[in-house]
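> The structure follows.
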Amino acid sequence: MIEIEDLRKSYNGTRGLAGFTLRIEAGELCGLVGPNGAGKTTLIKILATLLRPDGGRARIAGSDVGSEARVVRSRIGYLPDVAGLYQDMRVGEFLEFFADAFLLQRDRRRGAVEKALERAGLADRRDAFVEQLSLGMKQRLVLAKTLLHQPKVLLLDEPATGLDPLARVELRELLKTLNREGVTILISSHILSDLEDICTRVALIAAGRNATDAEGHSVLLLGGAAQASVTCEIDVSGPVMDAASAAASFAGARVLGVEGSRLRLEVAGGIEQASALLQHLLGAGVIVVRFDCRGPGLEERYRRAFGAERQ
Amino acid sequence: MNPMIRKELRQRMRERRSWILPSLYLAALGGAVALAYYFQTADPFELGRRELQGAEIGVSVFFTVIFTQMAVLLLLAPVFSAGAITIEKEQRTLTGLLTSLLTPVQIWWGKFVAALLFLVLLLLCALPILSLPFAFGGVGPQDVGRAVGVTLVVLASTTAVGLYCSSFFRRSVHATAVSYAVVLALTILTFVSFMILQTRWEAARAAAGRPYTELPRHIIAPLYLNPFFPLVAVLSGEDKHRFPDWAISLLMFATLGYLAAILAWRNLRRAGEQV
């Protein structure tokens, strides 16, 4: 759905993007993370047709963002980090204006505005002036506006900026719902826990290029099954050193430490190998009372990818 | 209807200045009429009262009103146009427009029509005052029509220049300042240039001992871009040229406005860099 190939962009000699490549399939919810100045906003602005790339290629649903900008605009919804609102317009007028700006036919327009008001939870605020809304309501209104023309692709640049925790939860749920409805979403955010909750993949970007983590991955798959290695905490009943020896004999397992009756191990090969390790321990007569196995969190993987660069 | 026009008009009419400005504008024109009438009839400088014809009062009042009107509207035009696009940048709403299906030309046209329509509203408000001289004579409805038409073309051009500045700068204050600088340059520099050329031409004519003739067009040329010149030219009715001075002047203003519009469209296409 989104194809980005060797995308480059500079501003008056300052590098914005220096050859970024990414492919996002239809229906995917993909995150984009990287340090400040990595090129995230530039990338999203190019995809939103606001900037023209200096080189490379970007296509959305088969249309080039440079030469077929108008077609692309009809397919995307773009939410910038700080979205402006017309404070002196009423909520209903604001949505009607953008429905017109997206050339919705009169019969479709009314339905789209009503749906947007419902979705934003602002149906009872239709006649209120935008300036009277709370920050969370304003953010919901902007998102509702972005969805008026039912875009196939959503491009979100730091959408949770300034939102309170409850509003963030609502936003996450809304994005999950949209994704279930088939909307492809690319979201840039520094709130890694949010990305971890909603994304299936996260692309790494630094200095305008694809960045890689310690294992050389430029796109991190989220979810235990996709991890290259997982860390297991195993509580055993009985001699813990015997259990450690049994674990150490399993191919790909490495004992990280022993504390009381608890073993900490790293297992290469992901969650399936961890499952095999459990079978192996049980087969060796180890009495396992707790087996907790998980991959490193996004925050940890982000730290591994960008921590050294920062230092 | 272009949704931009509807939005702009709605927002503009909600502003406090939408009723304050017409009130001040009409007060200024009313004051100008009163002053013109007073100076014509009361002889405050004791130059010697003579028998006045009603038509003289009418013409005097009419010219005072149309020049005051042009001056006030030239001051107001940048207020409406120079901030029109920069405010979208300042409020960060331009992004929403640029990523919608509105084209840069539609965005520009919405801003242009809304700014111009407000100036047209002011022109229409002033029609009763412009019609006052009918009571004295010397001025006909066709004169009012010509004056309003010329004023409209000049204002449209000034509005286009203001919108160009608005598309170029990021801040309203800069765009407005440059728009005023352009208006002042068109008014003052063109007049000063004309005066210099005329003085030198007169001196050369006197030195050569040639009889006085009508000023050649290349001497008048700087005035073609003076906002007040087409008013004078269209109302003087003395032009014997096949292509009269007022038409050349209006053509120049139309060209200036068109150029400003093309450059503003180009800037709007690249405005993604500024948001």
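Residue numbers start at 1 in each chain; chains themselves are named A, B, ... in the order of the structure tokens; ligands are numbered from 1 in the order shown.
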Considering only C-alpha atoms, return as a ChimeraX atom specification whatever protein or nucleic-acid residues lie within 7 Å of segment 16-33 of chain B, sequence-local ones (same chain, fewer than 2 positions apart) excluded.
/B:12-14,35-37,61,64-65,68-69,122,126
> Which chain A residues are at most 8 Å from chain B (counting only C-alpha atoms), as number ranges by chain?
A: 45, 48-51, 70, 73-74, 78, 82-86, 88-89, 97-98, 100-103
> May I have the residues from that selection written out with N, CA, C and O atoms, as a CSV table (one decimal), in the first residue's frame?

chain,number,residue,atom,x,y,z
A,45,LYS,N,5.7,14.0,5.7
A,45,LYS,CA,5.2,15.2,4.9
A,45,LYS,C,5.3,14.9,3.4
A,45,LYS,O,4.5,15.3,2.6
A,48,ALA,N,2.5,12.8,2.5
A,48,ALA,CA,1.3,13.6,2.5
A,48,ALA,C,1.2,14.6,1.4
A,48,ALA,O,0.3,15.4,1.4
A,49,THR,N,2.2,14.6,0.5
A,49,THR,CA,2.3,15.4,-0.7
A,49,THR,C,2.6,16.9,-0.3
A,49,THR,O,2.5,17.8,-1.2
A,50,LEU,N,3.0,17.1,0.9
A,50,LEU,CA,3.4,18.5,1.3
A,50,LEU,C,4.8,18.9,0.8
A,50,LEU,O,5.0,20.1,0.5
A,51,LEU,N,5.7,17.9,0.7
A,51,LEU,CA,7.0,18.2,0.3
A,51,LEU,C,7.3,17.3,-1.0
A,51,LEU,O,6.8,16.2,-1.1
A,70,ARG,N,-2.7,14.7,-6.4
A,70,ARG,CA,-4.1,14.9,-6.1
A,70,ARG,C,-4.8,13.5,-5.9
A,70,ARG,O,-5.7,13.4,-5.0
A,73,ARG,N,-3.8,12.5,-2.4
A,73,ARG,CA,-4.6,13.2,-1.4
A,73,ARG,C,-6.0,12.6,-1.2
A,73,ARG,O,-6.5,12.7,-0.1
A,74,SER,N,-6.6,12.1,-2.2
A,74,SER,CA,-7.9,11.6,-2.1
A,74,SER,C,-7.9,10.2,-1.3
A,74,SER,O,-8.9,9.8,-0.8
A,78,TYR,N,-4.1,12.8,6.7
A,78,TYR,CA,-2.8,13.3,7.3
A,78,TYR,C,-3.1,14.0,8.6
A,78,TYR,O,-3.9,15.0,8.6
A,82,VAL,N,1.1,19.1,15.3
A,82,VAL,CA,0.2,20.2,15.8
A,82,VAL,C,-0.7,20.6,14.7
A,82,VAL,O,-0.3,21.3,13.7
A,83,ALA,N,-1.9,20.1,14.8
A,83,ALA,CA,-2.9,20.4,13.8
A,83,ALA,C,-3.7,21.7,14.1
A,83,ALA,O,-4.2,21.8,15.2
A,84,GLY,N,-3.8,22.6,13.2
A,84,GLY,CA,-4.5,23.8,13.4
A,84,GLY,C,-6.0,23.6,13.2
A,84,GLY,O,-6.4,22.8,12.5
A,85,LEU,N,-6.7,24.5,13.9
A,85,LEU,CA,-8.1,24.5,13.8
A,85,LEU,C,-8.6,25.9,13.6
A,85,LEU,O,-8.0,26.8,14.1
A,86,TYR,N,-9.7,26.1,12.9
A,86,TYR,CA,-10.3,27.4,12.8
A,86,TYR,C,-11.2,27.6,14.1
A,86,TYR,O,-12.3,27.1,14.2
A,88,ASP,N,-12.7,30.1,15.2
A,88,ASP,CA,-13.9,30.9,15.2
A,88,ASP,C,-15.0,30.2,14.3
A,88,ASP,O,-16.0,30.9,14.0
A,89,MET,N,-14.8,28.9,14.0
A,89,MET,CA,-15.9,28.2,13.3
A,89,MET,C,-16.6,27.3,14.3
A,89,MET,O,-16.0,26.9,15.3
A,97,PHE,N,-17.0,22.2,6.1
A,97,PHE,CA,-16.0,22.9,5.2
A,97,PHE,C,-15.0,21.8,4.6
A,97,PHE,O,-14.8,21.8,3.4
A,98,PHE,N,-14.5,21.0,5.5
A,98,PHE,CA,-13.5,20.0,5.0
A,98,PHE,C,-14.2,18.9,4.1
A,98,PHE,O,-13.6,18.4,3.2
A,100,ASP,N,-16.5,19.6,2.0
A,100,ASP,CA,-16.6,20.3,0.7
A,100,ASP,C,-15.2,20.3,0.1
A,100,ASP,O,-15.0,20.1,-1.1
A,101,ALA,N,-14.2,20.5,1.0
A,101,ALA,CA,-12.8,20.6,0.5
A,101,ALA,C,-12.3,19.3,-0.1
A,101,ALA,O,-11.4,19.2,-0.9
A,102,PHE,N,-12.9,18.2,0.4
A,102,PHE,CA,-12.6,16.9,-0.2
A,102,PHE,C,-13.7,16.5,-1.2
A,102,PHE,O,-13.7,15.3,-1.6
A,103,LEU,N,-14.4,17.4,-1.7
A,103,LEU,CA,-15.4,17.3,-2.8
A,103,LEU,C,-16.4,16.2,-2.6
A,103,LEU,O,-16.7,15.4,-3.5
> Could you pull the residues within 12 Å of Tyr224 of chain B, counting only C-alpha atoms, minus those fewer than 3 positions along the same chain, as a PDB file with N, CA, C and O atoms, in the first residue's frame?

ATOM      1  N   VAL B 154      -8.200  48.745  -9.463  1.00  0.00           N
ATOM      2  CA  VAL B 154      -6.979  49.059  -8.700  1.00  0.00           C
ATOM      3  C   VAL B 154      -6.952  48.248  -7.403  1.00  0.00           C
ATOM      4  O   VAL B 154      -5.919  47.681  -7.017  1.00  0.00           O
ATOM      5  N   LEU B 186       3.895  52.539  -5.114  1.00  0.00           N
ATOM      6  CA  LEU B 186       3.062  52.813  -6.294  1.00  0.00           C
ATOM      7  C   LEU B 186       2.510  54.234  -6.241  1.00  0.00           C
ATOM      8  O   LEU B 186       2.371  54.894  -7.277  1.00  0.00           O
ATOM      9  N   THR B 187       2.203  54.695  -5.058  1.00  0.00           N
ATOM     10  CA  THR B 187       1.587  56.022  -4.944  1.00  0.00           C
ATOM     11  C   THR B 187       2.628  57.131  -5.015  1.00  0.00           C
ATOM     12  O   THR B 187       2.466  58.093  -5.778  1.00  0.00           O
ATOM     13  N   LEU B 189       6.380  56.886  -5.258  1.00  0.00           N
ATOM     14  CA  LEU B 189       7.519  56.799  -6.193  1.00  0.00           C
ATOM     15  C   LEU B 189       7.109  57.121  -7.627  1.00  0.00           C
ATOM     16  O   LEU B 189       7.841  57.798  -8.347  1.00  0.00           O
ATOM     17  N   THR B 190       5.934  56.625  -8.020  1.00  0.00           N
ATOM     18  CA  THR B 190       5.495  56.892  -9.391  1.00  0.00           C
ATOM     19  C   THR B 190       5.267  58.388  -9.593  1.00  0.00           C
ATOM     20  O   THR B 190       5.614  58.951 -10.629  1.00  0.00           O
ATOM     21  N   PHE B 191       4.697  59.031  -8.561  1.00  0.00           N
ATOM     22  CA  PHE B 191       4.432  60.463  -8.665  1.00  0.00           C
ATOM     23  C   PHE B 191       5.741  61.259  -8.697  1.00  0.00           C
ATOM     24  O   PHE B 191       5.903  62.181  -9.525  1.00  0.00           O
ATOM     25  N   SER B 193       8.664  60.174  -9.634  1.00  0.00           N
ATOM     26  CA  SER B 193       9.318  59.903 -10.926  1.00  0.00           C
ATOM     27  C   SER B 193       8.710  60.769 -12.022  1.00  0.00           C
ATOM     28  O   SER B 193       9.421  61.355 -12.853  1.00  0.00           O
ATOM     29  N   PHE B 194       7.390  60.834 -12.001  1.00  0.00           N
ATOM     30  CA  PHE B 194       6.698  61.659 -12.994  1.00  0.00           C
ATOM     31  C   PHE B 194       7.113  63.123 -12.872  1.00  0.00           C
ATOM     32  O   PHE B 194       7.401  63.787 -13.881  1.00  0.00           O
ATOM     33  N   ARG B 217       3.688  60.695 -23.804  1.00  0.00           N
ATOM     34  CA  ARG B 217       3.304  59.553 -22.966  1.00  0.00           C
ATOM     35  C   ARG B 217       4.478  58.991 -22.170  1.00  0.00           C
ATOM     36  O   ARG B 217       4.285  58.456 -21.085  1.00  0.00           O
ATOM     37  N   HIS B 218       5.673  59.108 -22.726  1.00  0.00           N
ATOM     38  CA  HIS B 218       6.779  58.521 -21.962  1.00  0.00           C
ATOM     39  C   HIS B 218       7.061  59.327 -20.690  1.00  0.00           C
ATOM     40  O   HIS B 218       7.672  58.835 -19.759  1.00  0.00           O
ATOM     41  N   ILE B 219       6.590  60.581 -20.656  1.00  0.00           N
ATOM     42  CA  ILE B 219       6.737  61.378 -19.431  1.00  0.00           C
ATOM     43  C   ILE B 219       5.678  60.954 -18.403  1.00  0.00           C
ATOM     44  O   ILE B 219       5.930  60.887 -17.205  1.00  0.00           O
ATOM     45  N   ILE B 220       4.497  60.648 -18.931  1.00  0.00           N
ATOM     46  CA  ILE B 220       3.387  60.244 -18.044  1.00  0.00           C
ATOM     47  C   ILE B 220       3.558  58.803 -17.558  1.00  0.00           C
ATOM     48  O   ILE B 220       2.996  58.417 -16.531  1.00  0.00           O
ATOM     49  N   ALA B 221       4.344  58.029 -18.287  1.00  0.00           N
ATOM     50  CA  ALA B 221       4.414  56.576 -18.067  1.00  0.00           C
ATOM     51  C   ALA B 221       4.476  56.139 -16.600  1.00  0.00           C
ATOM     52  O   ALA B 221       3.750  55.219 -16.204  1.00  0.00           O
ATOM     53  N   PRO B 227      -2.081  54.551  -8.302  1.00  0.00           N
ATOM     54  CA  PRO B 227      -3.487  54.167  -8.107  1.00  0.00           C
ATOM     55  C   PRO B 227      -4.480  55.305  -8.357  1.00  0.00           C
ATOM     56  O   PRO B 227      -5.641  55.051  -8.678  1.00  0.00           O
ATOM     57  N   PHE B 228      -4.036  56.551  -8.194  1.00  0.00           N
ATOM     58  CA  PHE B 228      -4.961  57.675  -8.350  1.00  0.00           C
ATOM     59  C   PHE B 228      -5.051  58.149  -9.802  1.00  0.00           C
ATOM     60  O   PHE B 228      -5.995  58.810 -10.166  1.00  0.00           O
ATOM     61  N   PHE B 229      -4.050  57.782 -10.589  1.00  0.00           N
ATOM     62  CA  PHE B 229      -4.002  58.299 -11.954  1.00  0.00           C
ATOM     63  C   PHE B 229      -5.186  57.853 -12.822  1.00  0.00           C
ATOM     64  O   PHE B 229      -5.793  58.693 -13.503  1.00  0.00           O
ATOM     65  N   PRO B 230      -5.537  56.560 -12.825  1.00  0.00           N
ATOM     66  CA  PRO B 230      -6.669  56.178 -13.689  1.00  0.00           C
ATOM     67  C   PRO B 230      -7.966  56.879 -13.305  1.00  0.00           C
ATOM     68  O   PRO B 230      -8.802  57.147 -14.174  1.00  0.00           O
ATOM     69  N   LEU B 231      -8.116  57.226 -12.013  1.00  0.00           N
ATOM     70  CA  LEU B 231      -9.313  57.970 -11.590  1.00  0.00           C
ATOM     71  C   LEU B 231      -9.344  59.335 -12.265  1.00  0.00           C
ATOM     72  O   LEU B 231     -10.355  59.762 -12.826  1.00  0.00           O
ATOM     73  N   VAL B 232      -8.181  60.023 -12.188  1.00  0.00           N
ATOM     74  CA  VAL B 232      -8.089  61.351 -12.795  1.00  0.00           C
ATOM     75  C   VAL B 232      -8.304  61.244 -14.308  1.00  0.00           C
ATOM     76  O   VAL B 232      -9.074  62.006 -14.902  1.00  0.00           O
ATOM     77  N   ALA B 233      -7.640  60.246 -14.888  1.00  0.00           N
ATOM     78  CA  ALA B 233      -7.682  60.116 -16.341  1.00  0.00           C
ATOM     79  C   ALA B 233      -9.083  59.789 -16.846  1.00  0.00           C
ATOM     80  O   ALA B 233      -9.532  60.340 -17.850  1.00  0.00           O
ATOM     81  N   PRO B 244      -6.831  55.281 -24.623  1.00  0.00           N
ATOM     82  CA  PRO B 244      -6.686  56.338 -23.610  1.00  0.00           C
ATOM     83  C   PRO B 244      -5.777  55.946 -22.436  1.00  0.00           C
ATOM     84  O   PRO B 244      -5.542  54.768 -22.177  1.00  0.00           O
ATOM     85  N   ASP B 245      -5.310  56.977 -21.741  1.00  0.00           N
ATOM     86  CA  ASP B 245      -4.394  56.762 -20.615  1.00  0.00           C
ATOM     87  C   ASP B 245      -5.013  55.887 -19.531  1.00  0.00           C
ATOM     88  O   ASP B 245      -4.335  55.044 -18.944  1.00  0.00           O
ATOM     89  N   TRP B 246      -6.300  56.116 -19.236  1.00  0.00           N
ATOM     90  CA  TRP B 246      -6.922  55.335 -18.162  1.00  0.00           C
ATOM     91  C   TRP B 246      -6.939  53.853 -18.522  1.00  0.00           C
ATOM     92  O   TRP B 246      -6.766  52.989 -17.654  1.00  0.00           O
ATOM     93  N   ALA B 247      -7.116  53.547 -19.820  1.00  0.00           N
ATOM     94  CA  ALA B 247      -7.151  52.134 -20.236  1.00  0.00           C
ATOM     95  C   ALA B 247      -5.763  51.509 -20.085  1.00  0.00           C
ATOM     96  O   ALA B 247      -5.626  50.369 -19.614  1.00  0.00           O
ATOM     97  N   ILE B 248      -4.728  52.290 -20.477  1.00  0.00           N
ATOM     98  CA  ILE B 248      -3.353  51.778 -20.317  1.00  0.00           C
ATOM     99  C   ILE B 248      -3.069  51.526 -18.840  1.00  0.00           C
ATOM    100  O   ILE B 248      -2.529  50.494 -18.450  1.00  0.00           O
ATOM    101  N   SER B 249      -3.470  52.491 -18.016  1.00  0.00           N
ATOM    102  CA  SER B 249      -3.224  52.376 -16.584  1.00  0.00           C
ATOM    103  C   SER B 249      -3.925  51.149 -16.004  1.00  0.00           C
ATOM    104  O   SER B 249      -3.325  50.365 -15.253  1.00  0.00           O
ATOM    105  N   LEU B 250      -5.194  50.966 -16.383  1.00  0.00           N
ATOM    106  CA  LEU B 250      -5.930  49.811 -15.858  1.00  0.00           C
ATOM    107  C   LEU B 250      -5.312  48.506 -16.351  1.00  0.00           C
ATOM    108  O   LEU B 250      -5.259  47.509 -15.617  1.00  0.00           O
ATOM    109  N   LEU B 251      -4.831  48.524 -17.590  1.00  0.00           N
ATOM    110  CA  LEU B 251      -4.176  47.324 -18.140  1.00  0.00           C
ATOM    111  C   LEU B 251      -2.914  46.994 -17.342  1.00  0.00           C
ATOM    112  O   LEU B 251      -2.633  45.824 -17.048  1.00  0.00           O
ATOM    113  N   MET B 252      -2.196  48.057 -16.990  1.00  0.00           N
ATOM    114  CA  MET B 252      -0.977  47.856 -16.195  1.00  0.00           C
ATOM    115  C   MET B 252      -1.331  47.257 -14.831  1.00  0.00           C
ATOM    116  O   MET B 252      -0.655  46.346 -14.344  1.00  0.00           O
ATOM    117  N   PHE B 253      -2.393  47.785 -14.217  1.00  0.00           N
ATOM    118  CA  PHE B 253      -2.795  47.244 -12.908  1.00  0.00           C
ATOM    119  C   PHE B 253      -3.276  45.795 -13.035  1.00  0.00           C
ATOM    120  O   PHE B 253      -2.983  44.953 -12.176  1.00  0.00           O
ATOM    121  N   ALA B 254      -4.009  45.526 -14.117  1.00  0.00           N
ATOM    122  CA  ALA B 254      -4.484  44.156 -14.328  1.00  0.00           C
ATOM    123  C   ALA B 254      -3.292  43.208 -14.513  1.00  0.00           C
ATOM    124  O   ALA B 254      -3.282  42.097 -13.980  1.00  0.00           O
ATOM    125  N   THR B 255      -2.281  43.673 -15.257  1.00  0.00           N
ATOM    126  CA  THR B 255      -1.084  42.849 -15.479  1.00  0.00           C
ATOM    127  C   THR B 255      -0.351  42.605 -14.164  1.00  0.00           C
ATOM    128  O   THR B 255       0.080  41.479 -13.875  1.00  0.00           O
ATOM    129  N   LEU B 256      -0.236  43.677 -13.377  1.00  0.00           N
ATOM    130  CA  LEU B 256       0.431  43.550 -12.071  1.00  0.00           C
ATOM    131  C   LEU B 256      -0.299  42.526 -11.194  1.00  0.00           C
ATOM    132  O   LEU B 256       0.322  41.652 -10.581  1.00  0.00           O
TER     133      LEU B 256
END
> With distances taken over only C-alpha atoms, which residue among A:Val169, A:Lys145, A:Pro80, A:Ala120 lies nearest Leu133 of chain A?
A:Ala120
> Rank nothing, just name the residue among B:Ser81, B:Asn267, B:Gln198, B:Ser131 nearest to Ala160 of chain B, using only C-alpha atoms.
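Between B:Ser81, B:Asn267, B:Gln198, B:Ser131, the residue approaching Ala160 of chain B most closely is B:Ser81.
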> Please identify all polymer residues within 12 Å of Val202 of chain A, counting only C-alpha atoms, omitting same-chain residues fewer than 2 positions from it, and present them as a ChimeraX atom specification.
/A:22-24,28-34,185-190,192-200,204-205,210-213,217-223,298-299,301-302
> Residues at most 12 Å from Leu174 of chain A, counting only C-alpha atoms, excluding those fewer than 3 positions away in the same chain, as a VMD selection string?
chain A and resid 119 to 121 140 143 to 144 147 159 167 to 171 177 to 181 183 185 198
> When you draw a straight line from atom CA of Ala156 of chain B to atom CA of Lys240 of chain B, how long is it in Å?
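We find that atom CA of Ala156 of chain B and atom CA of Lys240 of chain B lie 27.3 Å from each other.
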> Do a neighbour search on segment 58-61 of chain A at 12 Å with only C-alpha atoms, toss out local chain neighbours closer than 3 positions, and write the hits as a ChimeraX atom specification.
/A:1-9,19-27,43-49,51-55,64-77,151-155,183-186
> Taking into account only C-alpha atoms, which residue in the set A:Ala276, A:Gly92, A:Cys232, A:Gly270 is nearest to Arg290 of chain A?
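Of the candidates, the smallest distance to Arg290 of chain A is held by A:Cys232.
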> I need the residues of segment 45-202 of chain A that end up classed as strand (DSSP E) by DSSP on the backbone, written out as a ChimeraX atom specification.
/A:55-60,63-64,76-79,153-157,184-188,201-202
> How about saving the chosen residues, N, CA, C and O atoms kept, as a CSV table (one decimal), in the first residue's frame?

chain,number,residue,atom,x,y,z
A,55,GLY,N,14.9,12.9,-4.5
A,55,GLY,CA,15.3,11.7,-5.2
A,55,GLY,C,14.5,10.5,-4.6
A,55,GLY,O,13.9,10.7,-3.5
A,56,GLY,N,14.6,9.4,-5.3
A,56,GLY,CA,13.9,8.2,-4.8
A,56,GLY,C,12.4,8.3,-5.2
A,56,GLY,O,12.0,9.1,-6.0
A,57,ARG,N,11.7,7.4,-4.7
A,57,ARG,CA,10.3,7.2,-5.1
A,57,ARG,C,9.4,6.9,-3.9
A,57,ARG,O,9.8,6.1,-3.0
A,58,ALA,N,8.2,7.4,-3.9
A,58,ALA,CA,7.2,7.0,-2.9
A,58,ALA,C,5.9,6.9,-3.5
A,58,ALA,O,5.5,7.8,-4.3
A,59,ARG,N,5.2,5.8,-3.3
A,59,ARG,CA,3.9,5.5,-3.9
A,59,ARG,C,2.9,5.1,-2.8
A,59,ARG,O,3.3,4.4,-1.9
A,60,ILE,N,1.7,5.6,-3.0
A,60,ILE,CA,0.7,5.2,-2.1
A,60,ILE,C,-0.5,4.6,-2.9
A,60,ILE,O,-1.0,5.3,-3.8
A,63,SER,N,0.0,5.1,-6.5
A,63,SER,CA,0.1,6.4,-7.1
A,63,SER,C,1.3,7.1,-6.6
A,63,SER,O,1.6,7.1,-5.3
A,64,ASP,N,2.1,7.8,-7.4
A,64,ASP,CA,3.3,8.5,-7.0
A,64,ASP,C,2.9,9.8,-6.3
A,64,ASP,O,2.1,10.5,-6.8
A,76,ILE,N,-5.4,9.5,1.2
A,76,ILE,CA,-4.8,9.6,2.5
A,76,ILE,C,-5.5,10.5,3.5
A,76,ILE,O,-6.2,11.5,3.1
A,77,GLY,N,-5.3,10.3,4.7
A,77,GLY,CA,-5.6,11.2,5.8
A,77,GLY,C,-4.4,11.6,6.5
A,77,GLY,O,-3.6,10.7,6.9
A,78,TYR,N,-4.1,12.8,6.7
A,78,TYR,CA,-2.8,13.3,7.3
A,78,TYR,C,-3.1,14.0,8.6
A,78,TYR,O,-3.9,15.0,8.6
A,79,LEU,N,-2.5,13.6,9.6
A,79,LEU,CA,-2.6,14.3,10.9
A,79,LEU,C,-1.3,14.7,11.4
A,79,LEU,O,-0.4,13.9,11.8
A,153,VAL,N,-5.5,5.2,3.7
A,153,VAL,CA,-4.2,5.3,4.4
A,153,VAL,C,-4.2,6.5,5.4
A,153,VAL,O,-4.6,7.6,5.0
A,154,LEU,N,-3.8,6.2,6.6
A,154,LEU,CA,-3.6,7.3,7.6
A,154,LEU,C,-2.2,7.6,7.9
A,154,LEU,O,-1.4,6.6,8.1
A,155,LEU,N,-1.8,8.8,7.8
A,155,LEU,CA,-0.4,9.2,8.1
A,155,LEU,C,-0.4,10.1,9.4
A,155,LEU,O,-1.0,11.2,9.3
A,156,LEU,N,0.1,9.6,10.4
A,156,LEU,CA,0.0,10.3,11.7
A,156,LEU,C,1.4,10.6,12.2
A,156,LEU,O,2.2,9.8,12.4
A,157,ASP,N,1.5,11.9,12.5
A,157,ASP,CA,2.8,12.4,13.0
A,157,ASP,C,2.7,12.8,14.4
A,157,ASP,O,2.1,13.9,14.7
A,184,THR,N,-4.9,1.3,6.3
A,184,THR,CA,-3.4,1.2,6.5
A,184,THR,C,-2.9,2.4,7.3
A,184,THR,O,-3.3,3.5,6.9
A,185,ILE,N,-2.1,2.2,8.3
A,185,ILE,CA,-1.7,3.3,9.2
A,185,ILE,C,-0.2,3.4,9.3
A,185,ILE,O,0.4,2.3,9.6
A,186,LEU,N,0.4,4.5,9.1
A,186,LEU,CA,1.8,4.8,9.4
A,186,LEU,C,1.8,5.8,10.5
A,186,LEU,O,1.3,6.9,10.3
A,187,ILE,N,2.4,5.5,11.6
A,187,ILE,CA,2.3,6.4,12.8
A,187,ILE,C,3.7,6.7,13.3
A,187,ILE,O,4.5,5.7,13.6
A,188,SER,N,4.1,7.9,13.4
A,188,SER,CA,5.3,8.3,14.0
A,188,SER,C,5.1,8.7,15.4
A,188,SER,O,4.2,9.5,15.7
A,201,ARG,N,4.5,-3.8,13.2
A,201,ARG,CA,5.9,-3.6,12.9
A,201,ARG,C,6.3,-2.1,13.2
A,201,ARG,O,5.4,-1.2,13.2
A,202,VAL,N,7.5,-1.9,13.5
A,202,VAL,CA,8.0,-0.6,13.7
A,202,VAL,C,9.3,-0.4,12.9
A,202,VAL,O,10.2,-1.2,13.0
> Got a sec to tell me which of segment 109-246 of chain A DSSP assigns to helix (DSSP H, G or I), as an MDAnalysis selection string?
chainID A and resid 109:119 123:125 130:132 135:146 165:180 192:198 224:226 240:246
> Just to confirm, what's the straight-line distance from atom CA of Ala112 of chain A to atom CA of Leu148 of chain A in Å (one decimal)?
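So the two atoms, atom CA of Ala112 of chain A and atom CA of Leu148 of chain A, lie 5.8 Å apart.
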> Show me, as a tab-separated table (two decimals) with all heavy atoms, in the first residue's frame, the residues that have an atom within 8 Å of Ser261 of chain A when counting only C-alpha atoms, minus same-chain residues fewer than 4 positions from it.

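See selection36.tsv below for the written result:
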chain	number	residue	atom	x	y	z
A	235	ASP	N	10.77	-20.20	37.55
A	235	ASP	CA	10.83	-20.55	38.98
A	235	ASP	C	10.71	-22.06	39.09
A	235	ASP	O	9.79	-22.66	38.48
A	235	ASP	CB	9.68	-19.88	39.74
A	235	ASP	CG	9.88	-18.37	39.83
A	235	ASP	OD1	10.96	-17.88	39.42
A	235	ASP	OD2	8.95	-17.66	40.29
A	236	VAL	N	11.63	-22.67	39.83
A	236	VAL	CA	11.61	-24.14	39.93
A	236	VAL	C	11.46	-24.56	41.38
A	236	VAL	O	11.76	-23.80	42.31
A	236	VAL	CB	12.89	-24.75	39.33
A	236	VAL	CG1	13.01	-24.46	37.85
A	236	VAL	CG2	14.13	-24.30	40.07
A	237	SER	N	11.00	-25.76	41.55
A	237	SER	CA	10.92	-26.36	42.88
A	237	SER	C	12.00	-27.45	42.91
A	237	SER	O	12.09	-28.26	41.98
A	237	SER	CB	9.53	-26.96	43.09
A	237	SER	OG	9.48	-27.66	44.32
A	238	GLY	N	12.84	-27.43	43.91
A	238	GLY	CA	13.93	-28.41	43.94
A	238	GLY	C	15.25	-27.74	43.64
A	238	GLY	O	15.34	-26.51	43.59
A	239	PRO	N	16.31	-28.54	43.38
A	239	PRO	CA	17.65	-27.97	43.19
A	239	PRO	C	17.72	-27.08	41.95
A	239	PRO	O	17.54	-27.55	40.83
A	239	PRO	CB	18.56	-29.19	43.03
A	239	PRO	CG	17.71	-30.40	43.26
A	239	PRO	CD	16.30	-30.02	43.29
A	240	VAL	N	17.99	-25.83	42.18
A	240	VAL	CA	17.97	-24.86	41.07
A	240	VAL	C	19.19	-25.03	40.16
A	240	VAL	O	19.11	-24.78	38.95
A	240	VAL	CB	17.88	-23.41	41.62
A	240	VAL	CG1	19.17	-22.98	42.31
A	240	VAL	CG2	17.54	-22.42	40.52
> For Ala175 of chain B, which of B:Ile66, B:Val79, B:Val144, B:Leu124 is the closest residue, counting only C-alpha atoms?
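Answer, going by the shortest atom-to-atom distance: B:Val79.
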> Mind pulling up the distance from atom CA of Thr86 of chain B to atom CA of Ser172 of chain B?
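Spanning atom CA of Ser172 of chain B to atom CA of Thr86 of chain B is a straight-line distance of 5.2 Å.
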